[in-house]
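See below for final.cif, which holds mmCIF, C-alpha atoms and all ligand atoms.
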data_my_file
loop_
_atom_site.label_atom_id
_atom_site.label_comp_id
_atom_site.auth_asym_id
_atom_site.auth_seq_id
_atom_site.Cartn_x
_atom_site.Cartn_y
_atom_site.Cartn_z
CA MET A 1 -28.79 -70.64 15.98
CA PRO A 2 -29.55 -72.32 19.28
CA VAL A 3 -29.30 -70.46 22.57
CA ILE A 4 -26.14 -71.72 24.23
CA THR A 5 -26.87 -73.41 27.54
CA GLN A 6 -24.73 -75.41 29.92
CA GLU A 7 -26.34 -78.51 28.43
CA ASN A 8 -25.62 -77.92 24.72
CA LEU A 9 -22.35 -75.97 25.10
CA ALA A 10 -19.98 -78.93 24.74
CA LEU A 11 -21.84 -80.13 21.65
CA VAL A 12 -21.70 -76.74 19.94
CA VAL A 13 -18.02 -76.12 20.74
CA THR A 14 -17.04 -79.62 19.64
CA LYS A 15 -19.01 -79.29 16.42
CA GLU A 16 -17.42 -75.94 15.57
CA VAL A 17 -13.91 -77.16 16.40
CA GLU A 18 -14.43 -80.28 14.32
CA GLN A 19 -15.77 -78.31 11.36
CA VAL A 20 -13.29 -75.45 11.25
CA ARG A 21 -10.87 -75.67 8.32
CA VAL A 22 -7.35 -75.27 9.62
CA THR A 23 -4.41 -73.21 8.45
CA ASP A 24 -1.55 -75.42 9.63
CA ILE A 25 1.24 -72.91 10.15
CA HIS A 26 4.22 -75.24 10.47
CA THR A 27 4.71 -78.53 8.65
CA HIS A 28 7.45 -80.34 6.77
CA LEU A 29 5.14 -81.25 3.89
CA TYR A 30 5.68 -80.48 0.21
CA PRO A 31 3.32 -80.22 -2.75
CA PRO A 32 2.92 -83.39 -4.83
CA ASN A 33 4.98 -81.98 -7.73
CA PHE A 34 8.02 -81.92 -5.41
CA GLY A 35 8.33 -85.66 -6.08
CA ASP A 36 10.08 -87.73 -3.46
CA LEU A 37 10.34 -84.82 -1.02
CA SER A 38 6.62 -85.29 -0.55
CA LEU A 39 6.20 -88.22 1.88
CA TYR A 40 3.08 -90.33 2.33
CA GLY A 41 1.97 -93.91 2.99
CA ILE A 42 2.11 -96.46 5.78
CA ASP A 43 5.86 -97.12 5.60
CA GLU A 44 6.63 -93.43 5.99
CA LEU A 45 4.13 -93.25 8.86
CA LEU A 46 5.75 -96.15 10.68
CA THR A 47 9.31 -94.94 10.15
CA TYR A 48 8.54 -91.43 11.49
CA HIS A 49 11.52 -90.47 13.62
CA TYR A 50 9.31 -90.23 16.73
CA LEU A 51 8.59 -93.97 16.31
CA VAL A 52 12.19 -94.84 15.47
CA ALA A 53 13.25 -93.41 18.85
CA GLU A 54 10.50 -95.42 20.55
CA PHE A 55 11.50 -98.60 18.69
CA PHE A 56 15.00 -98.41 20.16
CA ARG A 57 13.51 -98.20 23.68
CA TYR A 58 12.54 -101.86 23.23
CA SER A 59 14.99 -103.18 20.65
CA THR A 60 18.62 -104.13 21.22
CA MET A 61 19.31 -104.09 17.50
CA ASP A 62 22.41 -102.31 16.28
CA TYR A 63 21.50 -98.76 15.11
CA GLU A 64 23.43 -99.12 11.90
CA ASP A 65 21.88 -102.47 11.04
CA PHE A 66 18.45 -100.92 11.42
CA PHE A 67 19.21 -97.90 9.24
CA ASN A 68 20.73 -100.16 6.56
CA LEU A 69 17.39 -101.91 6.10
CA SER A 70 14.91 -100.83 3.45
CA LYS A 71 12.07 -98.55 4.52
CA THR A 72 9.59 -101.41 4.22
CA GLN A 73 11.72 -103.64 6.44
CA GLN A 74 12.14 -100.87 9.02
CA ALA A 75 8.38 -100.33 9.00
CA GLU A 76 7.78 -104.06 9.53
CA LEU A 77 10.14 -104.18 12.49
CA ILE A 78 8.57 -101.09 14.04
CA PHE A 79 5.07 -102.46 13.56
CA GLN A 80 6.05 -105.79 15.09
CA THR A 81 7.82 -104.20 18.07
CA LEU A 82 5.66 -101.20 18.90
CA PHE A 83 2.24 -102.49 17.91
CA LEU A 84 2.25 -106.28 18.22
CA GLU A 85 4.74 -106.98 20.99
CA HIS A 86 3.59 -104.04 23.16
CA SER A 87 0.39 -102.04 23.26
CA PRO A 88 0.78 -98.79 21.29
CA VAL A 89 -0.06 -96.33 24.05
CA SER A 90 2.43 -93.51 23.33
CA GLU A 91 1.13 -90.42 21.52
CA ALA A 92 3.03 -91.17 18.28
CA GLN A 93 1.96 -94.83 18.38
CA ARG A 94 -1.66 -93.93 19.05
CA GLY A 95 -1.33 -91.49 16.16
CA VAL A 96 -0.87 -94.36 13.70
CA LEU A 97 -4.06 -95.98 14.98
CA THR A 98 -6.07 -92.77 14.69
CA THR A 99 -4.76 -92.28 11.17
CA LEU A 100 -5.64 -95.80 10.03
CA LYS A 101 -9.06 -95.58 11.64
CA GLU A 102 -9.85 -92.26 9.94
CA LEU A 103 -8.70 -93.73 6.64
CA GLY A 104 -11.38 -96.36 7.10
CA MET A 105 -9.18 -99.37 7.96
CA ASP A 106 -10.26 -102.18 10.21
CA LEU A 107 -7.69 -102.08 13.02
CA ASN A 108 -8.51 -105.61 14.13
CA VAL A 109 -6.81 -106.90 11.01
CA ARG A 110 -3.45 -106.05 12.61
CA ASP A 111 -1.69 -106.92 9.37
CA LEU A 112 0.70 -104.38 7.94
CA ARG A 113 0.53 -105.87 4.43
CA VAL A 114 -3.24 -105.43 4.38
CA PHE A 115 -2.97 -101.81 5.58
CA ARG A 116 -0.34 -101.15 2.93
CA GLU A 117 -2.45 -102.63 0.15
CA GLN A 118 -5.53 -100.71 1.21
CA ILE A 119 -3.70 -97.40 1.37
CA ASN A 120 -1.97 -98.05 -1.96
CA SER A 121 -5.32 -98.72 -3.57
CA ILE A 122 -6.47 -95.12 -2.93
CA PRO A 123 -6.03 -93.31 -6.28
CA ALA A 124 -2.88 -91.21 -6.19
CA PHE A 125 -4.27 -88.23 -8.10
CA ASP A 126 -6.69 -87.18 -5.39
CA TYR A 127 -4.76 -88.42 -2.38
CA VAL A 128 -3.81 -84.95 -1.13
CA ASP A 129 -7.40 -83.73 -1.50
CA ARG A 130 -8.60 -86.73 0.40
CA ILE A 131 -6.17 -86.36 3.31
CA PHE A 132 -6.80 -82.61 3.52
CA ALA A 133 -10.55 -83.31 3.58
CA ILE A 134 -10.32 -85.97 6.31
CA ALA A 135 -8.03 -83.76 8.42
CA GLY A 136 -10.10 -80.61 7.75
CA ILE A 137 -7.12 -78.67 6.39
CA LYS A 138 -7.47 -75.51 4.34
CA GLU A 139 -3.78 -74.89 3.77
CA VAL A 140 -0.40 -75.81 5.19
CA VAL A 141 2.81 -73.86 5.57
CA MET A 142 5.91 -75.79 4.50
CA THR A 143 9.52 -75.60 5.71
CA ASN A 144 11.62 -74.54 2.73
CA ASP A 145 15.36 -74.73 2.94
CA PRO A 146 17.22 -72.93 0.14
CA PHE A 147 20.44 -74.60 1.29
CA ASP A 148 19.09 -78.06 0.51
CA PRO A 149 20.36 -78.80 -3.03
CA LYS A 150 17.42 -81.02 -3.92
CA GLU A 151 14.83 -78.54 -2.74
CA ARG A 152 16.65 -75.61 -4.28
CA GLN A 153 16.64 -77.28 -7.65
CA LEU A 154 12.90 -77.92 -7.43
CA TRP A 155 12.23 -74.25 -6.76
CA GLU A 156 14.51 -73.20 -9.60
CA MET A 157 13.13 -75.71 -12.13
CA LYS A 158 9.48 -76.20 -11.21
CA GLY A 159 8.25 -74.02 -8.38
CA ASN A 160 5.13 -74.65 -6.37
CA LYS A 161 1.86 -74.72 -8.29
CA ASP A 162 -0.40 -75.80 -5.44
CA PRO A 163 -1.86 -72.81 -3.56
CA ARG A 164 -2.72 -74.98 -0.55
CA PHE A 165 1.01 -75.23 0.17
CA LYS A 166 2.48 -71.93 1.41
CA ALA A 167 6.20 -71.43 1.76
CA ALA A 168 8.25 -70.49 4.83
CA LEU A 169 11.90 -69.80 4.22
CA ARG A 170 14.03 -71.71 6.68
CA LEU A 171 17.24 -70.00 7.75
CA ASP A 172 18.90 -72.56 10.03
CA VAL A 173 21.99 -72.92 7.87
CA LEU A 174 22.41 -69.18 7.38
CA LEU A 175 21.96 -68.27 11.03
CA ASN A 176 23.31 -71.28 12.92
CA ASN A 177 26.18 -72.29 10.68
CA TYR A 178 27.30 -69.38 8.53
CA GLU A 179 31.03 -69.95 9.00
CA LYS A 180 30.79 -73.49 7.59
CA ASN A 181 28.44 -72.63 4.74
CA TYR A 182 29.24 -69.19 3.40
CA GLU A 183 31.07 -70.67 0.41
CA TYR A 184 27.87 -72.37 -0.52
CA LEU A 185 26.28 -68.93 -0.87
CA ASN A 186 29.09 -68.02 -3.25
CA GLN A 187 28.26 -71.06 -5.37
CA MET A 188 24.67 -69.84 -5.51
CA GLY A 189 25.92 -66.54 -6.92
CA PHE A 190 25.92 -64.39 -3.77
CA LEU A 191 29.35 -62.90 -3.24
CA VAL A 192 29.88 -63.20 0.48
CA ASP A 193 32.94 -63.45 2.62
CA LYS A 194 33.61 -65.21 5.91
CA LYS A 195 34.04 -61.77 7.41
CA LEU A 196 30.69 -60.00 7.68
CA ASP A 197 31.77 -56.83 5.90
CA GLU A 198 29.29 -54.37 4.36
CA ASN A 199 29.40 -56.03 0.97
CA THR A 200 28.69 -59.45 2.49
CA LEU A 201 25.75 -58.12 4.48
CA THR A 202 24.33 -56.54 1.32
CA GLU A 203 24.68 -59.86 -0.50
CA ILE A 204 23.00 -61.80 2.30
CA ARG A 205 20.08 -59.36 2.12
CA ARG A 206 19.94 -59.90 -1.65
CA PHE A 207 19.89 -63.66 -1.06
CA LEU A 208 16.95 -63.28 1.33
CA ARG A 209 14.98 -61.07 -1.07
CA TYR A 210 15.63 -63.48 -3.91
CA TRP A 211 14.34 -66.50 -2.01
CA ILE A 212 11.37 -64.76 -0.43
CA GLU A 213 10.28 -63.72 -3.89
CA LYS A 214 10.96 -67.07 -5.51
CA THR A 215 9.01 -69.05 -2.89
CA ASN A 216 6.45 -66.36 -2.05
CA ALA A 217 7.30 -67.08 1.59
CA VAL A 218 4.70 -66.08 4.18
CA TYR A 219 7.33 -65.93 6.90
CA LEU A 220 11.02 -66.57 7.56
CA ALA A 221 11.90 -69.18 10.16
CA VAL A 222 14.77 -70.53 12.18
CA SER A 223 15.14 -73.21 14.83
CA LEU A 224 17.51 -72.24 17.61
CA PRO A 225 19.39 -73.87 20.49
CA PRO A 226 18.54 -73.18 24.15
CA ASP A 227 21.57 -70.89 24.47
CA PHE A 228 20.24 -68.60 21.73
CA MET A 229 21.05 -65.03 22.75
CA VAL A 230 20.85 -61.70 20.98
CA PRO A 231 22.58 -59.29 20.99
CA GLU A 232 25.89 -61.09 21.22
CA ASP A 233 29.14 -61.18 19.32
CA SER A 234 28.29 -64.01 16.97
CA TYR A 235 27.58 -64.59 13.30
CA ARG A 236 24.01 -65.48 14.17
CA SER A 237 23.27 -62.34 16.12
CA ARG A 238 24.86 -60.07 13.53
CA ILE A 239 23.19 -61.68 10.50
CA LEU A 240 19.89 -61.61 12.38
CA GLU A 241 20.09 -57.92 13.28
CA LYS A 242 21.74 -56.66 10.13
CA CYS A 243 20.12 -58.77 7.44
CA VAL A 244 17.14 -60.86 8.50
CA LEU A 245 15.25 -58.29 10.58
CA PRO A 246 15.74 -55.41 8.12
CA ILE A 247 14.47 -57.60 5.25
CA CYS A 248 11.48 -58.70 7.33
CA ARG A 249 10.66 -55.04 7.92
CA GLU A 250 11.21 -54.07 4.31
CA LEU A 251 8.90 -56.82 3.02
CA ASN A 252 6.54 -56.79 6.02
CA ILE A 253 7.03 -60.46 6.78
CA PRO A 254 7.24 -62.12 10.23
CA LEU A 255 10.18 -64.10 11.56
CA ALA A 256 9.37 -67.39 13.29
CA LEU A 257 11.73 -68.31 16.12
CA MET A 258 11.57 -71.95 17.19
CA ILE A 259 13.70 -72.04 20.29
CA GLY A 260 15.10 -74.78 22.49
CA VAL A 261 16.30 -77.59 20.24
CA ARG A 262 19.58 -79.40 20.93
CA ARG A 263 20.48 -81.18 17.72
CA SER A 264 21.89 -84.67 17.52
CA ILE A 265 22.58 -85.54 21.15
CA ASN A 266 22.81 -89.21 20.13
CA PRO A 267 23.94 -89.05 16.48
CA ARG A 268 23.41 -92.79 15.98
CA LEU A 269 19.66 -92.10 15.99
CA GLY A 270 19.76 -90.00 12.81
CA LEU A 271 16.72 -87.73 12.49
CA ALA A 272 15.51 -88.97 15.88
CA ALA A 273 18.63 -87.75 17.66
CA ASP A 274 17.50 -84.28 18.71
CA SER A 275 16.63 -83.18 22.23
CA LEU A 276 15.72 -79.99 24.04
CA GLY A 277 16.71 -77.53 26.72
CA LYS A 278 15.32 -74.49 28.51
CA ALA A 279 16.10 -71.22 26.76
CA ASP A 280 16.57 -67.66 27.98
CA ILE A 281 13.41 -65.60 27.42
CA ARG A 282 15.45 -62.39 27.52
CA ALA A 283 16.48 -62.90 23.89
CA ILE A 284 12.81 -62.62 22.86
CA GLU A 285 12.25 -59.62 25.13
CA TYR A 286 15.23 -57.87 23.54
CA LEU A 287 14.03 -58.55 20.00
CA CYS A 288 10.40 -57.52 20.58
CA ARG A 289 11.43 -54.37 22.47
CA THR A 290 14.23 -53.27 20.14
CA TYR A 291 12.36 -54.01 16.92
CA PRO A 292 8.73 -53.00 17.44
CA GLU A 293 8.29 -52.82 13.65
CA ASN A 294 9.17 -56.51 13.33
CA LYS A 295 6.71 -59.34 13.93
CA PHE A 296 7.83 -62.48 15.74
CA LEU A 297 6.07 -65.83 15.68
CA VAL A 298 7.53 -67.78 18.59
CA THR A 299 7.32 -71.35 19.84
CA MET A 300 9.55 -72.82 22.53
CA LEU A 301 10.36 -76.48 22.98
CA SER A 302 10.84 -76.71 26.71
CA ARG A 303 7.79 -77.04 28.96
CA GLU A 304 9.67 -74.87 31.47
CA ASN A 305 9.65 -71.91 29.06
CA GLN A 306 5.89 -71.84 28.47
CA HIS A 307 4.81 -69.61 31.33
CA GLU A 308 7.40 -66.92 30.74
CA LEU A 309 6.60 -67.03 27.02
CA VAL A 310 2.92 -66.17 27.61
CA VAL A 311 3.90 -63.45 30.07
CA THR A 312 6.24 -61.98 27.45
CA ALA A 313 3.44 -62.07 24.86
CA ARG A 314 1.33 -59.97 27.26
CA LYS A 315 4.02 -57.29 27.01
CA PHE A 316 4.60 -57.25 23.26
CA ARG A 317 1.91 -57.18 20.60
CA ASN A 318 4.51 -57.93 17.95
CA LEU A 319 4.91 -61.38 19.50
CA MET A 320 2.56 -64.19 18.42
CA VAL A 321 2.89 -67.41 20.37
CA PHE A 322 2.22 -70.54 18.36
CA GLY A 323 1.96 -74.32 18.67
CA CYS A 324 2.88 -77.01 21.15
CA TRP A 325 6.05 -78.04 19.40
CA TRP A 326 7.34 -81.61 18.99
CA PHE A 327 7.99 -83.05 22.50
CA LEU A 328 5.18 -80.83 23.81
CA ASN A 329 2.65 -82.32 21.44
CA ASN A 330 1.32 -84.77 24.03
CA PRO A 331 -2.27 -84.53 25.28
CA MET A 332 -1.38 -83.70 28.88
CA ILE A 333 1.01 -80.93 27.89
CA VAL A 334 -1.20 -79.52 25.12
CA GLU A 335 -4.04 -79.27 27.61
CA GLU A 336 -1.89 -77.51 30.18
CA ILE A 337 -0.35 -75.07 27.68
CA THR A 338 -3.66 -74.27 25.98
CA ASN A 339 -5.24 -73.50 29.34
CA MET A 340 -2.30 -71.32 30.31
CA ARG A 341 -2.46 -69.39 27.05
CA LEU A 342 -6.23 -68.84 27.20
CA GLU A 343 -5.96 -67.64 30.79
CA ASN A 344 -3.15 -65.20 29.99
CA LEU A 345 -3.75 -64.15 26.40
CA GLY A 346 -7.45 -64.69 25.80
CA LEU A 347 -7.86 -65.88 22.23
CA SER A 348 -4.85 -64.00 20.82
CA PHE A 349 -2.51 -66.91 20.04
CA ILE A 350 -2.19 -69.87 17.65
CA PRO A 351 -2.84 -73.02 19.67
CA GLN A 352 -1.31 -75.65 17.46
CA HIS A 353 0.56 -76.61 14.31
CA SER A 354 1.05 -80.20 13.17
CA ASP A 355 4.75 -80.40 12.28
CA ALA A 356 3.57 -83.12 9.88
CA ARG A 357 6.40 -84.76 7.92
CA VAL A 358 4.22 -87.36 6.27
CA LEU A 359 0.99 -86.26 4.60
CA GLU A 360 -1.22 -88.53 6.72
CA HIS A 361 0.22 -87.04 9.93
CA LEU A 362 -2.22 -84.21 9.32
CA ILE A 363 -4.99 -86.61 10.27
CA TYR A 364 -3.92 -87.71 13.71
CA LYS A 365 -2.22 -84.51 14.75
CA TRP A 366 -5.41 -82.55 14.11
CA VAL A 367 -7.89 -85.16 15.39
CA HIS A 368 -5.99 -85.24 18.68
CA ALA A 369 -5.45 -81.48 18.89
CA ARG A 370 -9.05 -80.61 18.06
CA LYS A 371 -10.34 -82.83 20.85
CA ILE A 372 -8.14 -81.26 23.53
CA ILE A 373 -8.71 -77.70 22.35
CA ALA A 374 -12.50 -78.26 22.23
CA ASP A 375 -12.50 -79.62 25.79
CA VAL A 376 -10.40 -76.77 27.15
CA LEU A 377 -12.48 -74.15 25.33
CA THR A 378 -15.74 -75.69 26.56
CA LYS A 379 -14.60 -75.23 30.17
CA LYS A 380 -13.71 -71.61 29.50
CA TYR A 381 -17.13 -70.85 27.94
CA LEU A 382 -18.78 -72.68 30.83
CA ASP A 383 -17.09 -70.25 33.22
CA LEU A 384 -18.62 -67.41 31.18
CA LEU A 385 -22.12 -68.93 31.30
CA GLU A 386 -21.78 -69.43 35.04
CA SER A 387 -20.91 -65.78 35.51
CA GLY A 388 -24.06 -64.82 33.60
CA TRP A 389 -22.34 -63.83 30.30
CA LYS A 390 -24.26 -65.21 27.33
CA VAL A 391 -22.33 -66.52 24.32
CA THR A 392 -23.84 -67.15 20.92
CA GLU A 393 -22.96 -69.88 18.46
CA GLU A 394 -21.72 -67.18 16.05
CA GLU A 395 -19.34 -65.86 18.68
CA ILE A 396 -18.04 -69.35 19.38
CA LYS A 397 -17.54 -69.94 15.65
CA ARG A 398 -15.75 -66.60 15.30
CA ASP A 399 -13.38 -67.39 18.19
CA ILE A 400 -12.58 -70.83 16.82
CA GLU A 401 -11.92 -69.52 13.32
CA ASP A 402 -9.53 -67.01 14.85
CA LEU A 403 -7.61 -69.69 16.74
CA PHE A 404 -7.37 -72.09 13.80
CA GLY A 405 -6.47 -69.65 11.04
CA ASN A 406 -7.45 -66.00 11.23
CA ASN A 407 -5.04 -65.07 14.02
CA PHE A 408 -2.20 -66.26 11.83
CA TRP A 409 -3.31 -64.43 8.71
CA LYS A 410 -4.06 -61.21 10.57
CA PHE A 411 -0.60 -61.33 12.14
CA VAL A 412 1.07 -62.06 8.81
CA GLY A 413 -0.87 -59.12 7.44
CA ARG A 414 -1.87 -60.58 4.12
CA ASN A 415 -3.87 -63.44 2.73
CA VAL A 416 -2.07 -65.07 -0.16
O1 LIG B 1 11.12 -77.77 12.46
C1 LIG B 1 11.90 -78.34 13.22
O2 LIG B 1 13.06 -77.97 13.42
C2 LIG B 1 11.43 -79.57 13.94
O3 LIG B 1 10.06 -79.49 14.10
C3 LIG B 1 11.91 -80.80 13.21
O4 LIG B 1 13.27 -80.70 13.03
C4 LIG B 1 11.55 -82.10 13.91
O5 LIG B 1 12.36 -83.12 13.42
C5 LIG B 1 10.08 -82.40 13.70
O6 LIG B 1 9.88 -83.58 13.04
C6 LIG B 1 9.36 -82.31 14.96
O7 LIG B 1 8.17 -82.52 15.03
ZN ZN B 2 9.24 -78.65 12.43
#

How would this structure read if it were set down as C-alpha cells?
Ligand code: REL
Ligand code: ZN
Amino acid sequence: MPVITQENLALVVTKEVEQVRVTDIHTHLYPPNFGDLSLYGIDELLTYHYLVAEFFRYSTMDYEDFFNLSKTQQAELIFQTLFLEHSPVSEAQRGVLTTLKELGMDLNVRDLRVFREQINSIPAFDYVDRIFAIAGIKEVVMTNDPFDPKERQLWEMKGNKDPRFKAALRLDVLLNNYEKNYEYLNQMGFLVDKKLDENTLTEIRRFLRYWIEKTNAVYLAVSLPPDFMVPEDSYRSRILEKCVLPICRELNIPLALMIGVRRSINPRLGLAADSLGKADIRAIEYLCRTYPENKFLVTMLSRENQHELVVTARKFRNLMVFGCWWFLNNPMIVEEITNMRLENLGLSFIPQHSDARVLEHLIYKWVHARKIIADVLTKKYLDLLESGWKVTEEEIKRDIEDLFGNNFWKFVGRNV
C-alpha cells in the first residue's frame, strides 16, 4: 500500500472509485426472465424519455404522430435530430455517447444502423453479465409495482431467479390513488372498502406482507408530490401511518420516500411529461421524529430542498439520504450536492443511484457519477492531508465501499 501524498492522492481515489462494485439502490430494471419488461439495446437507449423531451425542444412534429411511429423510427428521428443536426451536449445525450464508447463502438461512424448491428451481435445470453461488468455493478434494486397487471403476473407465475436483481415494492398506487384503485385490491383477493375501516386496514397490511414476502423486497418505496404532508386527513396519510409504517416496523424494512415529483404536467409527452416542485421538509421531520423505530431512505427532486434535507439527516439517524434523482442527475448539480452532503454528513449517505430504465443506462450513469464523486472526494482528502491528517489507501477503500454499497446494506440491516 503506497503512502498517500498530495501527488498520488487523485490517482488512488480515482482507482478505488473506478474499481468499487456498486449496489445501485434505485433502478427501473428487471431480470432477463421478466421478458419484455426488461429493456435493452440502442433503440431503447435513444427513446429514453429524457431524450424524447429533448427531441421536442427542436422538433415541431406533432406529439401524436411521433408516438404512433415504431420504436426504431422514433430512435432514428431522435438520432438525426439530437446527434446529427445538433451537437449532443446535454447530459442524457452525452450519456448515449459514453455508453457506445464503453461498449467499444467507433463513434466516428455516426451511423445508427451500424451501432444497432454491433450491439445486436453481442450474444444475448451473457449480455447482462457484460453490462454489469462494464458498469462495475454488483447488484441493482428494481422498482416493483404489484398494481401493474403484467408485472404482477410475472411474480405470480415465474418470480425472480436472478440474485443480482433485488426487489423494492412500489406503493404509488396504494398511497397516491387509493380511492380510484381500491376495487383493484378486491380483485386481487384483499377485501377492502373505500372507507378505511379496521377491516380494510387489516387487509391492506395483509396485502403488504404478501407482496414483501413474494418479492423478497429490501425496502418499500413511494414517489410523492411536492405537497406531500403527514399527518393530514387524507387516504395517503392514514394508509401510511396505519398500514405501511407498522408493516415496515414489523418486518424491519425501510421505507423510501421520493419526494417532489409533479406527474404529467404536459400529458402529450407521455412518460416524459413529469416535472418537479419544492416540497415541505416538515413531513420528513414529523415521520422521523414520530417513528424512531422506522427507517426512511429519502431523496428529493428539487434542488431547493437539498440543504434542508441534509440538515434534517443530521437530526435523525433513522433518515438515510440517497441519490441525485432524475433532474438533479447533471454533473454540476451532482457535484454541488455531493459536496454539501460530505460537508454536513461526512460519509454517512448514499451518493447516487442510476434510475436506469434501460440496461445499458447503468454504463453511462455510473461512469459519469464515479468521475464526479472521485473528484469531490479527492478534494476532501486533500484538505485532510493539508491539515496533517494521514489517510491510508485502506481507509480510502473502506470509505468508498461504504458510499457505494455498505451504507445501504447496513441501513437496510440485512444482506440478502
Ligand atoms: O422512480 C420514479 O418515480 C422516477 O425515477 C421515474 O418515474 C422517472 O420516470 C425516471 O425515469 C427518472 O429517472
Ligand atoms: Zn425512478

Work out how far apart atom CA of A:Phe316 and atom CA of A:Arg289 are and give it in Å to one decimal.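 We find that atom CA of A:Phe316 and atom CA of A:Arg289 lie 7.5 Å from each other.
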
Nearest candidate to ligand LIG 1 (chain B) (options A:Asp126, A:Glu151, A:Asp280, A:Asp145; using all atoms listed in the file): A:Asp145

Find the spatial neighbours of stretch 223-227 of chain A, counting all atoms listed in the file, within a cut-off of 6 Å - ignore same-chain residues fewer than 3 positions away - and output them as a list of chain:residue names.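 Residues meeting the cut-off are A:Met258, A:Ile259, A:Gly260, A:Val261, A:Arg262, A:Gly277, A:Lys278, A:Ala279.
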
Residues from the last selection, C-alpha atoms, saved as a PDB file, in the frame of the given file:
ATOM      1  CA  MET A 258      11.570 -71.950  17.190  1.00  0.00           C
ATOM      2  CA  ILE A 259      13.700 -72.040  20.290  1.00  0.00           C
ATOM      3  CA  GLY A 260      15.100 -74.780  22.490  1.00  0.00           C
ATOM      4  CA  VAL A 261      16.300 -77.590  20.240  1.00  0.00           C
ATOM      5  CA  ARG A 262      19.580 -79.400  20.930  1.00  0.00           C
ATOM      6  CA  GLY A 277      16.710 -77.530  26.720  1.00  0.00           C
ATOM      7  CA  LYS A 278      15.320 -74.490  28.510  1.00  0.00           C
ATOM      8  CA  ALA A 279      16.100 -71.220  26.760  1.00  0.00           C
TER       9      ALA A 279
END

Mind running chain A against ligand LIG 1 (chain B) at 8 Å and telling me each contacting residue's nearest atom pair with the distance in Å (one decimal), counting only C-alpha atoms and all ligand atoms, chain and number ascending, as CSV?
residue,atom,partner,partner_atom,distance
A:His26,CA,B:LIG1,O1,7.6
A:Thr27,CA,B:LIG1,O1,7.5
A:His28,CA,B:LIG1,O1,7.2
A:His49,CA,B:LIG1,O6,7.1
A:Tyr50,CA,B:LIG1,O6,7.6
A:Thr143,CA,B:LIG1,O1,7.3
A:Val222,CA,B:LIG1,O2,7.7
A:Ser223,CA,B:LIG1,O2,5.4
A:Met258,CA,B:LIG1,O2,7.3
A:Val261,CA,B:LIG1,O2,7.6
A:Leu271,CA,B:LIG1,O5,6.4
A:Ala272,CA,B:LIG1,O5,7.1
A:Asp274,CA,B:LIG1,O5,7.5
A:Trp325,CA,B:LIG1,O7,6.6
A:Trp326,CA,B:LIG1,O7,4.1
A:Phe327,CA,B:LIG1,O7,7.5
A:Ser354,CA,B:LIG1,O7,7.7
A:Asp355,CA,B:LIG1,O7,4.9
A:Ala356,CA,B:LIG1,O7,6.9
A:Arg357,CA,B:LIG1,O6,6.3

Between A:Glu232, A:Ile372, A:Ala135, A:Asn144, which residue has the minimum interatomic distance to A:Glu102, considering all atoms listed in the file?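 Residue with the minimum atom-to-atom distance to A:Glu102: A:Ala135.
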
Selected residue, from A:Arg263, A:Lys242, A:Arg370, A:Phe83, that lies nearest to A:Leu196 when counting only C-alpha atoms: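 Residue with the minimum atom-to-atom distance to A:Leu196: A:Lys242.
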
List every residue of stretch 102-156 of chain A that has an atom at most 12 Å from any atom of stretch 173-190 of chain A, and for each one report the closest atom pair and its distance in Å to one decimal, counting only C-alpha atoms, with rows sorted by chain and then by increasing residue number, as a tab-separated table.
residue	atom	partner	partner_atom	distance
A:Asn144	CA	A:Val173	CA	11.7
A:Asp145	CA	A:Val173	CA	8.5
A:Pro146	CA	A:Val173	CA	9.1
A:Phe147	CA	A:Val173	CA	7.0
A:Asp148	CA	A:Val173	CA	9.4
A:Pro149	CA	A:Tyr184	CA	10.2
A:Arg152	CA	A:Met188	CA	10.0
A:Gln153	CA	A:Met188	CA	11.2
A:Glu156	CA	A:Met188	CA	11.5

Taking (5.1, -96.8, 4.7) as a centre in this file's frame and 8 Å as the limit, can you find every polymer residue with an atom that close, using all atoms listed in the file, and give them as a count of residues only? 12

From the list A:Asp111, A:Asp172, A:Glu76, A:Asp193, which residue is nearest ligand ZN 2 (chain B) when using all atoms listed in the file?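 Between A:Asp111, A:Asp172, A:Glu76, A:Asp193, the residue approaching ligand ZN 2 (chain B) most closely is A:Asp172.
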